$ cat run15.pdb   # PDB, C-alpha atoms
ATOM      1  CA  MET A   1      26.430  99.160  66.104
ATOM      2  CA  ARG A   2      30.198  98.786  66.525
ATOM      3  CA  ASN A   3      32.607  99.590  63.737
ATOM      4  CA  HIS A   4      34.805  96.656  62.713
ATOM      5  CA  THR A   5      37.928  96.619  60.551
ATOM      6  CA  MET A   6      37.222  93.624  58.348
ATOM      7  CA  VAL A   7      39.970  91.061  57.770
ATOM      8  CA  THR A   8      41.292  91.064  54.195
ATOM      9  CA  GLU A   9      43.982  88.404  54.690
ATOM     10  CA  PHE A  10      44.410  85.372  56.906
ATOM     11  CA  THR A  11      47.683  83.876  58.136
ATOM     12  CA  LEU A  12      47.947  80.064  58.141
ATOM     13  CA  LEU A  13      49.936  78.932  61.186
ATOM     14  CA  GLY A  14      50.570  75.514  59.649
ATOM     15  CA  ILE A  15      50.509  71.956  60.991
ATOM     16  CA  PRO A  16      50.374  71.981  64.821
ATOM     17  CA  GLU A  17      53.461  70.907  66.811
ATOM     18  CA  THR A  18      55.783  70.636  63.779
ATOM     19  CA  GLU A  19      58.142  73.576  64.383
ATOM     20  CA  GLY A  20      61.623  72.816  63.043
ATOM     21  CA  LEU A  21      60.428  70.005  60.764
ATOM     22  CA  GLU A  22      59.630  72.210  57.786
ATOM     23  CA  LYS A  23      62.378  70.857  55.487
ATOM     24  CA  VAL A  24      61.582  67.211  56.230
ATOM     25  CA  LEU A  25      57.853  67.780  55.705
ATOM     26  CA  LEU A  26      58.535  69.741  52.515
ATOM     27  CA  LEU A  27      60.459  66.815  51.005
ATOM     28  CA  LEU A  28      57.878  64.259  52.154
ATOM     29  CA  PHE A  29      54.796  66.175  51.007
ATOM     30  CA  SER A  30      56.440  67.245  47.726
ATOM     31  CA  ALA A  31      57.122  63.589  46.916
ATOM     32  CA  LEU A  32      53.563  62.565  47.842
ATOM     33  CA  TYR A  33      52.002  65.402  45.843
ATOM     34  CA  THR A  34      54.132  64.616  42.785
ATOM     35  CA  CYS A  35      53.203  60.925  42.982
ATOM     36  CA  ALA A  36      49.514  61.823  43.380
ATOM     37  CA  LEU A  37      49.556  64.057  40.299
ATOM     38  CA  LEU A  38      51.532  61.587  38.189
ATOM     39  CA  GLY A  39      49.579  58.486  39.256
ATOM     40  CA  ASN A  40      46.138  59.986  38.744
ATOM     41  CA  PHE A  41      47.172  61.535  35.434
ATOM     42  CA  LEU A  42      48.339  58.103  34.221
ATOM     43  CA  ILE A  43      45.067  56.454  35.311
ATOM     44  CA  LEU A  44      43.064  59.167  33.555
ATOM     45  CA  THR A  45      45.188  58.809  30.413
ATOM     46  CA  ALA A  46      44.680  55.029  30.388
ATOM     47  CA  VAL A  47      40.900  55.299  30.841
ATOM     48  CA  ILE A  48      40.509  57.926  28.102
ATOM     49  CA  SER A  49      42.870  56.363  25.543
ATOM     50  CA  SER A  50      41.872  52.685  25.822
ATOM     51  CA  GLN A  51      38.606  51.594  24.216
ATOM     52  CA  GLN A  52      38.695  48.485  26.410
ATOM     53  CA  LEU A  53      38.354  50.653  29.527
ATOM     54  CA  HIS A  54      35.220  52.448  28.327
ATOM     55  CA  THR A  55      33.032  50.610  30.842
ATOM     56  CA  PRO A  56      31.059  51.884  33.872
ATOM     57  CA  MET A  57      33.702  50.773  36.390
ATOM     58  CA  TYR A  58      36.514  52.614  34.592
ATOM     59  CA  PHE A  59      34.266  55.587  33.849
ATOM     60  CA  PHE A  60      33.884  56.113  37.599
ATOM     61  CA  LEU A  61      37.592  55.391  38.126
ATOM     62  CA  GLY A  62      38.379  58.200  35.674
ATOM     63  CA  ASN A  63      36.083  60.508  37.653
ATOM     64  CA  LEU A  64      37.871  59.457  40.848
ATOM     65  CA  SER A  65      41.223  60.408  39.310
ATOM     66  CA  ILE A  66      39.877  63.858  38.351
ATOM     67  CA  PHE A  67      38.569  64.428  41.877
ATOM     68  CA  ASP A  68      41.809  63.191  43.462
ATOM     69  CA  LEU A  69      43.815  65.577  41.271
ATOM     70  CA  GLY A  70      41.626  68.480  42.363
ATOM     71  CA  PHE A  71      41.318  67.435  46.010
ATOM     72  CA  CYS A  72      45.040  67.195  46.730
ATOM     73  CA  SER A  73      45.679  70.401  44.748
ATOM     74  CA  THR A  74      43.248  72.338  46.969
ATOM     75  CA  THR A  75      45.530  72.324  50.013
ATOM     76  CA  ALA A  76      48.952  70.983  48.958
ATOM     77  CA  PRO A  77      50.343  73.949  46.903
ATOM     78  CA  LYS A  78      49.804  76.477  49.692
ATOM     79  CA  MET A  79      51.119  74.061  52.316
ATOM     80  CA  LEU A  80      54.276  73.410  50.261
ATOM     81  CA  SER A  81      54.633  77.160  49.706
ATOM     82  CA  TYR A  82      54.886  78.077  53.378
ATOM     83  CA  LEU A  83      56.950  74.964  54.216
ATOM     84  CA  SER A  84      59.511  76.214  51.678
ATOM     85  CA  GLY A  85      59.778  79.519  53.563
ATOM     86  CA  GLN A  86      57.432  81.646  51.519
ATOM     87  CA  GLY A  87      54.614  83.704  53.006
ATOM     88  CA  ARG A  88      51.888  82.083  55.102
ATOM     89  CA  GLY A  89      49.307  84.694  54.141
ATOM     90  CA  ILE A  90      46.189  83.871  52.139
ATOM     91  CA  SER A  91      43.689  86.489  50.985
ATOM     92  CA  PHE A  92      40.111  86.442  52.272
ATOM     93  CA  GLN A  93      38.872  85.529  48.778
ATOM     94  CA  GLY A  94      41.551  82.834  48.490
ATOM     95  CA  CYS A  95      40.423  81.368  51.795
ATOM     96  CA  VAL A  96      36.803  81.288  50.566
ATOM     97  CA  VAL A  97      37.850  79.536  47.333
ATOM     98  CA  GLN A  98      40.003  76.996  49.187
ATOM     99  CA  HIS A  99      37.194  76.257  51.646
ATOM    100  CA  PHE A 100      34.634  75.847  48.852
ATOM    101  CA  PHE A 101      36.696  73.458  46.714
ATOM    102  CA  TYR A 102      37.882  71.444  49.713
ATOM    103  CA  HIS A 103      34.336  70.664  50.848
ATOM    104  CA  CYS A 104      32.960  70.393  47.298
ATOM    105  CA  LEU A 105      35.538  67.824  46.195
ATOM    106  CA  GLY A 106      35.589  66.054  49.560
ATOM    107  CA  CYS A 107      31.812  65.573  49.537
ATOM    108  CA  THR A 108      31.841  64.584  45.854
ATOM    109  CA  LEU A 109      34.470  61.932  46.577
ATOM    110  CA  CYS A 110      32.321  60.579  49.390
ATOM    111  CA  PHE A 111      29.344  60.246  47.033
ATOM    112  CA  LEU A 112      31.530  58.808  44.267
ATOM    113  CA  TYR A 113      32.842  56.011  46.502
ATOM    114  CA  THR A 114      29.202  55.165  47.246
ATOM    115  CA  VAL A 115      28.329  55.120  43.532
ATOM    116  CA  MET A 116      31.354  52.888  42.833
ATOM    117  CA  ALA A 117      30.154  50.483  45.545
ATOM    118  CA  TYR A 118      26.721  50.409  43.874
ATOM    119  CA  ASP A 119      28.407  49.690  40.524
ATOM    120  CA  ARG A 120      30.240  46.696  42.028
ATOM    121  CA  PHE A 121      26.989  45.553  43.681
ATOM    122  CA  VAL A 122      25.180  45.499  40.314
ATOM    123  CA  ALA A 123      28.155  43.810  38.595
ATOM    124  CA  ILE A 124      28.345  40.977  41.163
ATOM    125  CA  CYS A 125      24.681  40.521  42.075
ATOM    126  CA  PHE A 126      23.130  41.118  38.634
ATOM    127  CA  PRO A 127      25.880  40.223  36.117
ATOM    128  CA  LEU A 128      23.497  39.428  33.238
ATOM    129  CA  ARG A 129      21.684  42.759  33.593
ATOM    130  CA  TYR A 130      24.776  44.836  34.413
ATOM    131  CA  THR A 131      25.133  46.590  31.041
ATOM    132  CA  VAL A 132      21.399  47.304  30.955
ATOM    133  CA  ILE A 133      21.225  48.746  34.480
ATOM    134  CA  MET A 134      24.537  50.650  34.299
ATOM    135  CA  ASN A 135      24.040  52.099  30.827
ATOM    136  CA  HIS A 136      25.729  55.276  29.589
ATOM    137  CA  ARG A 137      22.832  57.531  30.580
ATOM    138  CA  VAL A 138      22.683  56.141  34.125
ATOM    139  CA  CYS A 139      26.465  56.479  34.568
ATOM    140  CA  CYS A 140      26.403  60.107  33.394
ATOM    141  CA  ALA A 141      23.434  60.862  35.667
ATOM    142  CA  LEU A 142      25.191  59.324  38.698
ATOM    143  CA  ALA A 143      28.437  61.196  37.965
ATOM    144  CA  THR A 144      26.579  64.491  37.474
ATOM    145  CA  GLY A 145      24.637  63.855  40.676
ATOM    146  CA  THR A 146      27.848  63.458  42.669
ATOM    147  CA  TRP A 147      29.181  66.747  41.248
ATOM    148  CA  MET A 148      25.960  68.653  41.943
ATOM    149  CA  SER A 149      25.558  67.215  45.455
ATOM    150  CA  GLY A 150      29.124  68.195  46.330
ATOM    151  CA  CYS A 151      28.555  71.738  45.047
ATOM    152  CA  VAL A 152      25.302  72.165  47.015
ATOM    153  CA  HIS A 153      26.934  70.820  50.175
ATOM    154  CA  SER A 154      29.898  73.171  49.800
ATOM    155  CA  VAL A 155      27.774  76.235  48.980
ATOM    156  CA  ILE A 156      25.834  75.737  52.231
ATOM    157  CA  LEU A 157      28.959  75.375  54.400
ATOM    158  CA  THR A 158      30.895  78.169  52.678
ATOM    159  CA  SER A 159      27.956  80.578  52.908
ATOM    160  CA  LEU A 160      27.449  79.856  56.611
ATOM    161  CA  THR A 161      31.169  80.274  57.319
ATOM    162  CA  PHE A 162      31.919  83.470  55.424
ATOM    163  CA  GLN A 163      28.684  85.382  55.941
ATOM    164  CA  LEU A 164      29.954  85.994  59.491
ATOM    165  CA  PRO A 165      32.094  89.120  60.058
ATOM    166  CA  TYR A 166      35.842  88.644  60.594
ATOM    167  CA  CYS A 167      37.460  91.634  62.270
ATOM    168  CA  GLY A 168      40.568  90.090  63.832
ATOM    169  CA  PRO A 169      42.612  88.226  64.865
ATOM    170  CA  SER A 170      43.457  86.795  61.448
ATOM    171  CA  GLU A 171      45.680  83.834  62.356
ATOM    172  CA  VAL A 172      44.158  80.488  61.303
ATOM    173  CA  ASP A 173      45.590  77.830  63.611
ATOM    174  CA  TYR A 174      45.782  75.196  60.862
ATOM    175  CA  TYR A 175      47.480  74.463  57.552
ATOM    176  CA  PHE A 176      44.496  75.424  55.377
ATOM    177  CA  CYS A 177      41.182  77.265  55.640
ATOM    178  CA  ASP A 178      39.136  74.522  57.247
ATOM    179  CA  MET A 179      35.719  75.408  58.630
ATOM    180  CA  PRO A 180      36.354  74.767  62.384
ATOM    181  CA  ALA A 181      39.632  76.729  62.371
ATOM    182  CA  VAL A 182      38.188  79.718  60.486
ATOM    183  CA  LEU A 183      34.990  79.946  62.564
ATOM    184  CA  LEU A 184      37.050  80.468  65.720
ATOM    185  CA  LEU A 185      38.061  83.877  64.307
ATOM    186  CA  ALA A 186      34.495  85.124  63.686
ATOM    187  CA  CYS A 187      33.374  88.283  65.512
ATOM    188  CA  GLU A 188      29.857  86.894  66.013
ATOM    189  CA  ASP A 189      28.527  83.670  67.489
ATOM    190  CA  PRO A 190      29.483  80.838  65.080
ATOM    191  CA  SER A 191      27.461  78.136  66.869
ATOM    192  CA  LEU A 192      24.841  77.813  64.095
ATOM    193  CA  ALA A 193      27.516  77.313  61.421
ATOM    194  CA  GLN A 194      29.381  74.867  63.670
ATOM    195  CA  LYS A 195      26.263  72.781  64.348
ATOM    196  CA  VAL A 196      25.146  72.740  60.712
ATOM    197  CA  GLY A 197      28.681  71.950  59.533
ATOM    198  CA  PHE A 198      29.177  69.095  61.998
ATOM    199  CA  THR A 199      25.720  67.656  61.302
ATOM    200  CA  ASN A 200      26.042  68.040  57.534
ATOM    201  CA  VAL A 201      29.507  66.497  57.225
ATOM    202  CA  GLY A 202      28.839  63.796  59.807
ATOM    203  CA  LEU A 203      25.423  62.816  58.439
ATOM    204  CA  LEU A 204      26.561  62.672  54.810
ATOM    205  CA  SER A 205      29.636  60.611  55.707
ATOM    206  CA  LEU A 206      27.549  58.244  57.827
ATOM    207  CA  ILE A 207      24.862  57.758  55.141
ATOM    208  CA  CYS A 208      27.476  57.101  52.438
ATOM    209  CA  PHE A 209      29.356  54.697  54.699
ATOM    210  CA  LEU A 210      26.179  52.762  55.591
ATOM    211  CA  LEU A 211      25.196  52.497  51.908
ATOM    212  CA  ILE A 212      28.680  51.153  51.114
ATOM    213  CA  VAL A 213      28.389  48.626  53.977
ATOM    214  CA  VAL A 214      24.969  47.488  52.699
ATOM    215  CA  SER A 215      26.327  47.129  49.140
ATOM    216  CA  TYR A 216      29.307  45.060  50.245
ATOM    217  CA  THR A 217      27.187  42.945  52.567
ATOM    218  CA  ARG A 218      25.000  42.002  49.595
ATOM    219  CA  ILE A 219      28.135  41.465  47.486
ATOM    220  CA  GLY A 220      29.617  39.177  50.164
ATOM    221  CA  ILE A 221      26.426  37.109  50.328
ATOM    222  CA  SER A 222      26.403  36.774  46.532
ATOM    223  CA  ILE A 223      30.088  35.748  46.431
ATOM    224  CA  LEU A 224      29.490  33.027  49.047
ATOM    225  CA  LYS A 225      26.748  31.578  46.835
ATOM    226  CA  ILE A 226      29.179  31.099  43.935
ATOM    227  CA  ARG A 227      30.123  27.413  43.884
ATOM    228  CA  SER A 228      33.414  27.492  41.990
ATOM    229  CA  LYS A 229      36.555  28.669  43.752
ATOM    230  CA  GLU A 230      37.731  30.503  40.633
ATOM    231  CA  GLY A 231      34.420  32.338  40.378
ATOM    232  CA  ARG A 232      34.635  33.479  43.999
ATOM    233  CA  GLN A 233      38.229  34.683  43.547
ATOM    234  CA  LYS A 234      37.363  36.559  40.354
ATOM    235  CA  ALA A 235      34.351  38.237  41.995
ATOM    236  CA  PHE A 236      36.377  39.190  45.054
ATOM    237  CA  SER A 237      39.275  40.566  42.965
ATOM    238  CA  THR A 238      36.930  42.967  41.155
ATOM    239  CA  CYS A 239      35.935  44.475  44.519
ATOM    240  CA  SER A 240      39.195  44.272  46.461
ATOM    241  CA  ALA A 241      40.706  47.486  45.043
ATOM    242  CA  HIS A 242      37.631  49.577  45.812
ATOM    243  CA  LEU A 243      37.279  47.992  49.258
ATOM    244  CA  THR A 244      40.923  48.824  50.053
ATOM    245  CA  ALA A 245      40.369  52.449  48.990
ATOM    246  CA  ILE A 246      37.248  52.657  51.181
ATOM    247  CA  ILE A 247      39.221  51.436  54.215
ATOM    248  CA  CYS A 248      41.958  54.009  53.527
ATOM    249  CA  VAL A 249      39.369  56.813  53.332
ATOM    250  CA  TYR A 250      36.991  55.946  56.153
ATOM    251  CA  GLY A 251      39.451  54.247  58.536
ATOM    252  CA  PRO A 252      41.219  57.466  59.645
ATOM    253  CA  VAL A 253      37.914  59.372  59.834
ATOM    254  CA  ILE A 254      36.408  56.718  62.124
ATOM    255  CA  VAL A 255      39.517  56.845  64.357
ATOM    256  CA  ILE A 256      39.083  60.622  64.794
ATOM    257  CA  TYR A 257      35.365  60.425  65.572
ATOM    258  CA  LEU A 258      35.878  57.653  68.148
ATOM    259  CA  GLN A 259      38.185  59.918  70.173
ATOM    260  CA  PRO A 260      36.289  62.318  72.468
ATOM    261  CA  ASN A 261      38.988  65.024  72.346
ATOM    262  CA  PRO A 262      41.470  64.310  69.516
ATOM    263  CA  SER A 263      44.690  66.319  69.659
ATOM    264  CA  PRO A 264      45.235  69.016  66.989
ATOM    265  CA  LEU A 265      48.275  67.095  65.716
ATOM    266  CA  LEU A 266      46.262  63.849  65.333
ATOM    267  CA  SER A 267      43.483  65.714  63.511
ATOM    268  CA  ALA A 268      46.036  67.265  61.137
ATOM    269  CA  ILE A 269      47.695  63.897  60.463
ATOM    270  CA  ILE A 270      44.323  62.293  59.692
ATOM    271  CA  GLN A 271      43.396  65.100  57.309
ATOM    272  CA  ILE A 272      46.766  64.932  55.558
ATOM    273  CA  LEU A 273      46.228  61.180  55.127
ATOM    274  CA  HIS A 274      42.838  61.973  53.617
ATOM    275  CA  ASN A 275      43.959  64.965  51.511
ATOM    276  CA  LEU A 276      47.344  63.836  50.244
ATOM    277  CA  VAL A 277      48.132  60.192  51.009
ATOM    278  CA  THR A 278      44.857  58.681  49.748
ATOM    279  CA  PRO A 279      45.066  60.409  46.314
ATOM    280  CA  THR A 280      48.652  59.111  46.124
ATOM    281  CA  ILE A 281      47.864  55.463  46.855
ATOM    282  CA  ASN A 282      44.578  55.268  44.912
ATOM    283  CA  PRO A 283      46.344  54.896  41.519
ATOM    284  CA  MET A 284      48.530  52.147  43.021
ATOM    285  CA  ILE A 285      45.522  50.344  44.474
ATOM    286  CA  TYR A 286      43.596  50.433  41.196
ATOM    287  CA  SER A 287      46.504  49.691  38.842
ATOM    288  CA  LEU A 288      48.948  47.299  40.522
ATOM    289  CA  ARG A 289      46.538  44.334  40.441
ATOM    290  CA  ASN A 290      44.567  45.453  37.398
ATOM    291  CA  LYS A 291      45.762  43.849  34.158
ATOM    292  CA  ASP A 292      43.497  46.024  31.986
ATOM    293  CA  VAL A 293      44.895  49.308  33.330
ATOM    294  CA  LYS A 294      48.500  48.093  33.066
ATOM    295  CA  ALA A 295      47.903  46.864  29.496
ATOM    296  CA  ALA A 296      46.328  50.222  28.559
ATOM    297  CA  LEU A 297      49.286  52.153  29.997
ATOM    298  CA  ARG A 298      51.768  49.914  28.158
ATOM    299  CA  HIS A 299      49.841  50.518  24.936
ATOM    300  CA  VAL A 300      49.898  54.297  25.481
ATOM    301  CA  PHE A 301      53.663  54.344  26.150
ATOM    302  CA  PHE A 302      54.305  52.020  23.190
ATOM    303  CA  LYS A 303      52.402  54.352  20.847
ATOM    304  CA  LYS A 304      54.231  57.360  22.294
ATOM    305  CA  CYS A 305      57.629  55.696  21.766
ATOM    306  CA  LEU A 306      56.714  54.787  18.173
ATOM    307  CA  SER A 307      55.623  58.350  17.403
ATOM    308  CA  LEU A 308      58.881  59.719  18.850
ATOM    309  CA  GLU A 309      60.936  57.252  16.779
ATOM    310  CA  ASN A 310      59.057  58.206  13.594
ATOM    311  CA  LYS A 311      59.894  61.861  14.235
TER
END
$ encode --input "run15.pdb" --output "C-alpha cells"
Amino acid sequence: MRNHTMVTEFTLLGIPETEGLEKVLLLLFSALYTCALLGNFLILTAVISSQQLHTPMYFFLGNLSIFDLGFCSTTAPKMLSYLSGQGRGISFQGCVVQHFFYHCLGCTLCFLYTVMAYDRFVAICFPLRYTVIMNHRVCCALATGTWMSGCVHSVILTSLTFQLPYCGPSEVDYYFCDMPAVLLLACEDPSLAQKVGFTNVGLLSLICFLLIVVSYTRIGISILKIRSKEGRQKAFSTCSAHLTAIICVYGPVIVIYLQPNPSPLLSAIIQILHNLVTPTINPMIYSLRNKDVKAALRHVFFKKCLSLENK
C-alpha cells in the first residue's frame, strides 16, 4: 500500500482558451445571471400570487423556475468570483456539493421538461378529461418524482466520483467541478465511473427526449385534426413556449454529441448555454406571449404600488 497525501482543495482553471477575456466575460455572465434570477423570481411570484395560475401547467412552470434558480446558482457564483480576480480554489467538500447539485438539478430539469410535455399532451389530446387526469395529487406525485429521480441520479454519480482517492494534482481544467474534469485527477482507474456516468447521463437524456418527441408527435396529430383555424392556432400557442424551451435545452446537447471530438471550448460554451443562458431566456419564453402571466405580474405590481402609497 502506498501512502497518499489526499487533496483537500481543488483549483478551477476556468473556461478553456479565454485568457485575457475575464472582464468581458464577467460583465456578460453577471448580466445573464442577474436576468436569470430576476426573471425566474418574477415567474414564481406570479404563479404563487395569482389564483388564476393555480393550474397544472403553471404549477410545473413554478417548479421550473425554482429549478432554474438553483441550477444557474450552482456554477455561476464561483465562476463570477474567479472572473472578478478572487481565488480559484474550491474545497474538496465544496466540489462534492457543487457536483451533487449540478447533476441533481440538471437531471430533475430533464425529467420536468418531460412531465411538462406530458401535461401538454393531456391538455391537447384529452381536453375534456384534463382536470381529472392532471389532478392535484397527480401533479404533486409527478413533481416529487422528478425531485427524487434527480437526487438518486446525482447520488450515484457523486458517490462514484468522490469515492476514488485524489492525491494530486489538484487543478480542475474546467470552470466548475464537472464529473469528466474531476475524474482525470483520480489516483485510481476512473473507467468504471466514466462509463456509468456517460451511460447514465446519455441514457436518461435520450429517454426523456424520446418521450418528449412521442408526446409532441401525438400533439401534432391531434392539432391537425382540429377543423377550425382558430382552434389550431390556440392549441399550437399553448405548446409553442414549451417547445421553444425544449429546443434551447436539447439543441446544444445534440450538437455536442454529434461531434466525435468536440473541443474543450465548444463543450464549455454549450454547458454555459445550458447552465446560464437557458435559465435566463426561459422566463422570457414563458411570459412574453403569455397573457395570463403578464396579467398576474401587472396585478402584483399594482398591489405593491397601492400598498406603498397607503404607507
$ closest_residue --input "run15.pdb" --among "A:Leu42, A:Ile15, A:Tyr118, A:Cys151" --to "A:Lys294" --atoms "only C-alpha atoms"
A:Leu42
$ closest_residue --input "run15.pdb" --among "A:Cys72, A:Val300, A:Leu206, A:Leu26" --to "A:Thr45" --atoms "all atoms listed in the file"
A:Val300
$ atom_distance --input "run15.pdb" --atom1 "atom CA of A:Gly89" --atom2 "atom CA of A:Cys167"
16.0 Å
$ residues_around --input "run15.pdb" --residues "A:Ser81" --least-positions-apart "6" --cutoff "12 Å" --atoms "all atoms listed in the file" --output "ChimeraX atom specification"
/A:12,14,22-23,25-27,29-30,75,87-90,175-176
$ atom_distance --input "run15.pdb" --atom1 "atom CA of A:Gly150" --atom2 "atom CA of A:Thr114"
13.1 Å
$ closest_residue --input "run15.pdb" --among "A:Tyr82, A:Phe126, A:Tyr166, A:Tyr174" --to "A:Cys187" --atoms "all atoms listed in the file"
A:Tyr166
$ residues_around --input "run15.pdb" --residues "stretch 266-279 of chain A" --least-positions-apart "2" --cutoff "7 Å" --atoms "all atoms listed in the file" --output "PyMOL selection string"
chain A and resi 15+32-33+36+68+71-72+248-249+252+256+262-264+281-282
$ closest_residue --input "run15.pdb" --among "A:Leu109, A:Leu160, A:Cys125, A:Ile226" --to "A:Lys195" --atoms "only C-alpha atoms"
A:Leu160
$ resolve_selection --input "run15.pdb" --expression "the PyMOL selection byres ((chain A and resi 240) around 12)" --output "ChimeraX atom specification"
/A:117,120,216,219-220,232-239,241-247,285-290
$ atom_distance --input "run15.pdb" --atom1 "atom CA of A:Ala31" --atom2 "atom CA of A:Ala76"
11.2 Å
$ residues_around --input "run15.pdb" --residues "A:Met6" --least-positions-apart "6" --cutoff "12 Å" --atoms "all atoms listed in the file" --output "VMD selection string"
chain A and resid 92 162 164 to 170 185 to 187
$ resolve_selection --input "run15.pdb" --expression "the PyMOL selection byres ((chain A and resi 152) around 12)" --output "mmCIF file with C-alpha atoms, keeping the file's coordinate frame"
data_model
loop_
_atom_site.group_PDB
_atom_site.id
_atom_site.type_symbol
_atom_site.label_atom_id
_atom_site.label_comp_id
_atom_site.auth_asym_id
_atom_site.auth_seq_id
_atom_site.Cartn_x
_atom_site.Cartn_y
_atom_site.Cartn_z
ATOM 1 C CA PHE A 100 34.634 75.847 48.852
ATOM 2 C CA PHE A 101 36.696 73.458 46.714
ATOM 3 C CA HIS A 103 34.336 70.664 50.848
ATOM 4 C CA CYS A 104 32.960 70.393 47.298
ATOM 5 C CA LEU A 105 35.538 67.824 46.195
ATOM 6 C CA CYS A 107 31.812 65.573 49.537
ATOM 7 C CA THR A 108 31.841 64.584 45.854
ATOM 8 C CA GLY A 145 24.637 63.855 40.676
ATOM 9 C CA THR A 146 27.848 63.458 42.669
ATOM 10 C CA TRP A 147 29.181 66.747 41.248
ATOM 11 C CA MET A 148 25.960 68.653 41.943
ATOM 12 C CA SER A 149 25.558 67.215 45.455
ATOM 13 C CA GLY A 150 29.124 68.195 46.330
ATOM 14 C CA CYS A 151 28.555 71.738 45.047
ATOM 15 C CA HIS A 153 26.934 70.820 50.175
ATOM 16 C CA SER A 154 29.898 73.171 49.800
ATOM 17 C CA VAL A 155 27.774 76.235 48.980
ATOM 18 C CA ILE A 156 25.834 75.737 52.231
ATOM 19 C CA LEU A 157 28.959 75.375 54.400
ATOM 20 C CA THR A 158 30.895 78.169 52.678
ATOM 21 C CA SER A 159 27.956 80.578 52.908
ATOM 22 C CA ASN A 200 26.042 68.040 57.534
#
$ resolve_selection --input "run15.pdb" --expression "the PyMOL selection byres ((chain A and resi 55) around 12)" --output "list in words"
Val47, Ile48, Ser50, Gln51, Gln52, Leu53, His54, Pro56, Met57, Tyr58, Phe59, Phe60, Leu61, Gly62, Asp119, Ala123, Tyr130, Thr131, Met134, Asn135, His136, Cys139, Cys140 and Asp292 of chain A
$ residues_around --input "run15.pdb" --residues "A:Glu19" --least-positions-apart "6" --cutoff "12 Å" --atoms "all atoms listed in the file" --output "ChimeraX atom specification"
/A:13,25,83,265
$ residues_around --input "run15.pdb" --residues "A:Gln194" --least-positions-apart "6" --cutoff "9 Å" --atoms "all atoms listed in the file" --output "list in words"
Leu160, Thr161, Met179, Pro180 and Leu183 of chain A
$ write_last_selection --input "run15.pdb" --atoms "C-alpha atoms" --output "CSV table (one decimal), keeping the file's coordinate frame"
chain,number,residue,atom,x,y,z
A,160,LEU,CA,27.4,79.9,56.6
A,161,THR,CA,31.2,80.3,57.3
A,179,MET,CA,35.7,75.4,58.6
A,180,PRO,CA,36.4,74.8,62.4
A,183,LEU,CA,35.0,79.9,62.6
$ closest_residue --input "run15.pdb" --among "A:Met284, A:Leu69, A:Ala193, A:Leu64" --to "A:Val115" --atoms "all atoms listed in the file"
A:Leu64
$ axis_aligned_box --input "run15.pdb" --around "stretch 182-191 of chain A" --padding-each-side "3 Å" --output "AutoDock Vina command-line options"
--center_x 32.8 --center_y 83.2 --center_z 64.0 --size_x 16.7 --size_y 16.1 --size_z 13.0
$ decode --input "run15.pdb" --residues "stretch 156-167 of chain A" --atoms "N, CA and C atoms" --output "PDB file, in the first residue's frame"
ATOM      1  N   ILE A 156     -25.746   8.615  -7.157  1.00  0.00           N
ATOM      2  CA  ILE A 156     -24.958   7.565  -7.831  1.00  0.00           C
ATOM      3  C   ILE A 156     -23.683   8.156  -8.447  1.00  0.00           C
ATOM      4  N   LEU A 157     -23.842   9.242  -9.215  1.00  0.00           N
ATOM      5  CA  LEU A 157     -22.682   9.837  -9.894  1.00  0.00           C
ATOM      6  C   LEU A 157     -21.693  10.455  -8.910  1.00  0.00           C
ATOM      7  N   THR A 158     -22.214  11.128  -7.882  1.00  0.00           N
ATOM      8  CA  THR A 158     -21.324  11.768  -6.901  1.00  0.00           C
ATOM      9  C   THR A 158     -20.568  10.726  -6.085  1.00  0.00           C
ATOM     10  N   SER A 159     -21.245   9.648  -5.718  1.00  0.00           N
ATOM     11  CA  SER A 159     -20.581   8.576  -4.965  1.00  0.00           C
ATOM     12  C   SER A 159     -19.470   7.927  -5.781  1.00  0.00           C
ATOM     13  N   LEU A 160     -19.765   7.636  -7.051  1.00  0.00           N
ATOM     14  CA  LEU A 160     -18.757   7.017  -7.921  1.00  0.00           C
ATOM     15  C   LEU A 160     -17.558   7.940  -8.128  1.00  0.00           C
ATOM     16  N   THR A 161     -17.816   9.236  -8.218  1.00  0.00           N
ATOM     17  CA  THR A 161     -16.739  10.197  -8.497  1.00  0.00           C
ATOM     18  C   THR A 161     -15.834  10.402  -7.296  1.00  0.00           C
ATOM     19  N   PHE A 162     -16.427  10.591  -6.116  1.00  0.00           N
ATOM     20  CA  PHE A 162     -15.636  11.012  -4.964  1.00  0.00           C
ATOM     21  C   PHE A 162     -15.297   9.890  -3.990  1.00  0.00           C
ATOM     22  N   GLN A 163     -15.643   8.639  -4.351  1.00  0.00           N
ATOM     23  CA  GLN A 163     -15.131   7.529  -3.551  1.00  0.00           C
ATOM     24  C   GLN A 163     -13.709   7.175  -3.975  1.00  0.00           C
ATOM     25  N   LEU A 164     -13.292   7.676  -5.147  1.00  0.00           N
ATOM     26  CA  LEU A 164     -11.921   7.472  -5.620  1.00  0.00           C
ATOM     27  C   LEU A 164     -10.968   8.370  -4.842  1.00  0.00           C
ATOM     28  N   PRO A 165      -9.716   7.940  -4.641  1.00  0.00           N
ATOM     29  CA  PRO A 165      -8.745   8.801  -3.940  1.00  0.00           C
ATOM     30  C   PRO A 165      -8.191   9.883  -4.864  1.00  0.00           C
ATOM     31  N   TYR A 166      -8.007  11.076  -4.316  1.00  0.00           N
ATOM     32  CA  TYR A 166      -7.422  12.200  -5.060  1.00  0.00           C
ATOM     33  C   TYR A 166      -6.194  12.674  -4.286  1.00  0.00           C
ATOM     34  N   CYS A 167      -5.014  12.406  -4.879  1.00  0.00           N
ATOM     35  CA  CYS A 167      -3.773  12.705  -4.166  1.00  0.00           C
ATOM     36  C   CYS A 167      -2.890  13.695  -4.927  1.00  0.00           C
TER      37      CYS A 167
END
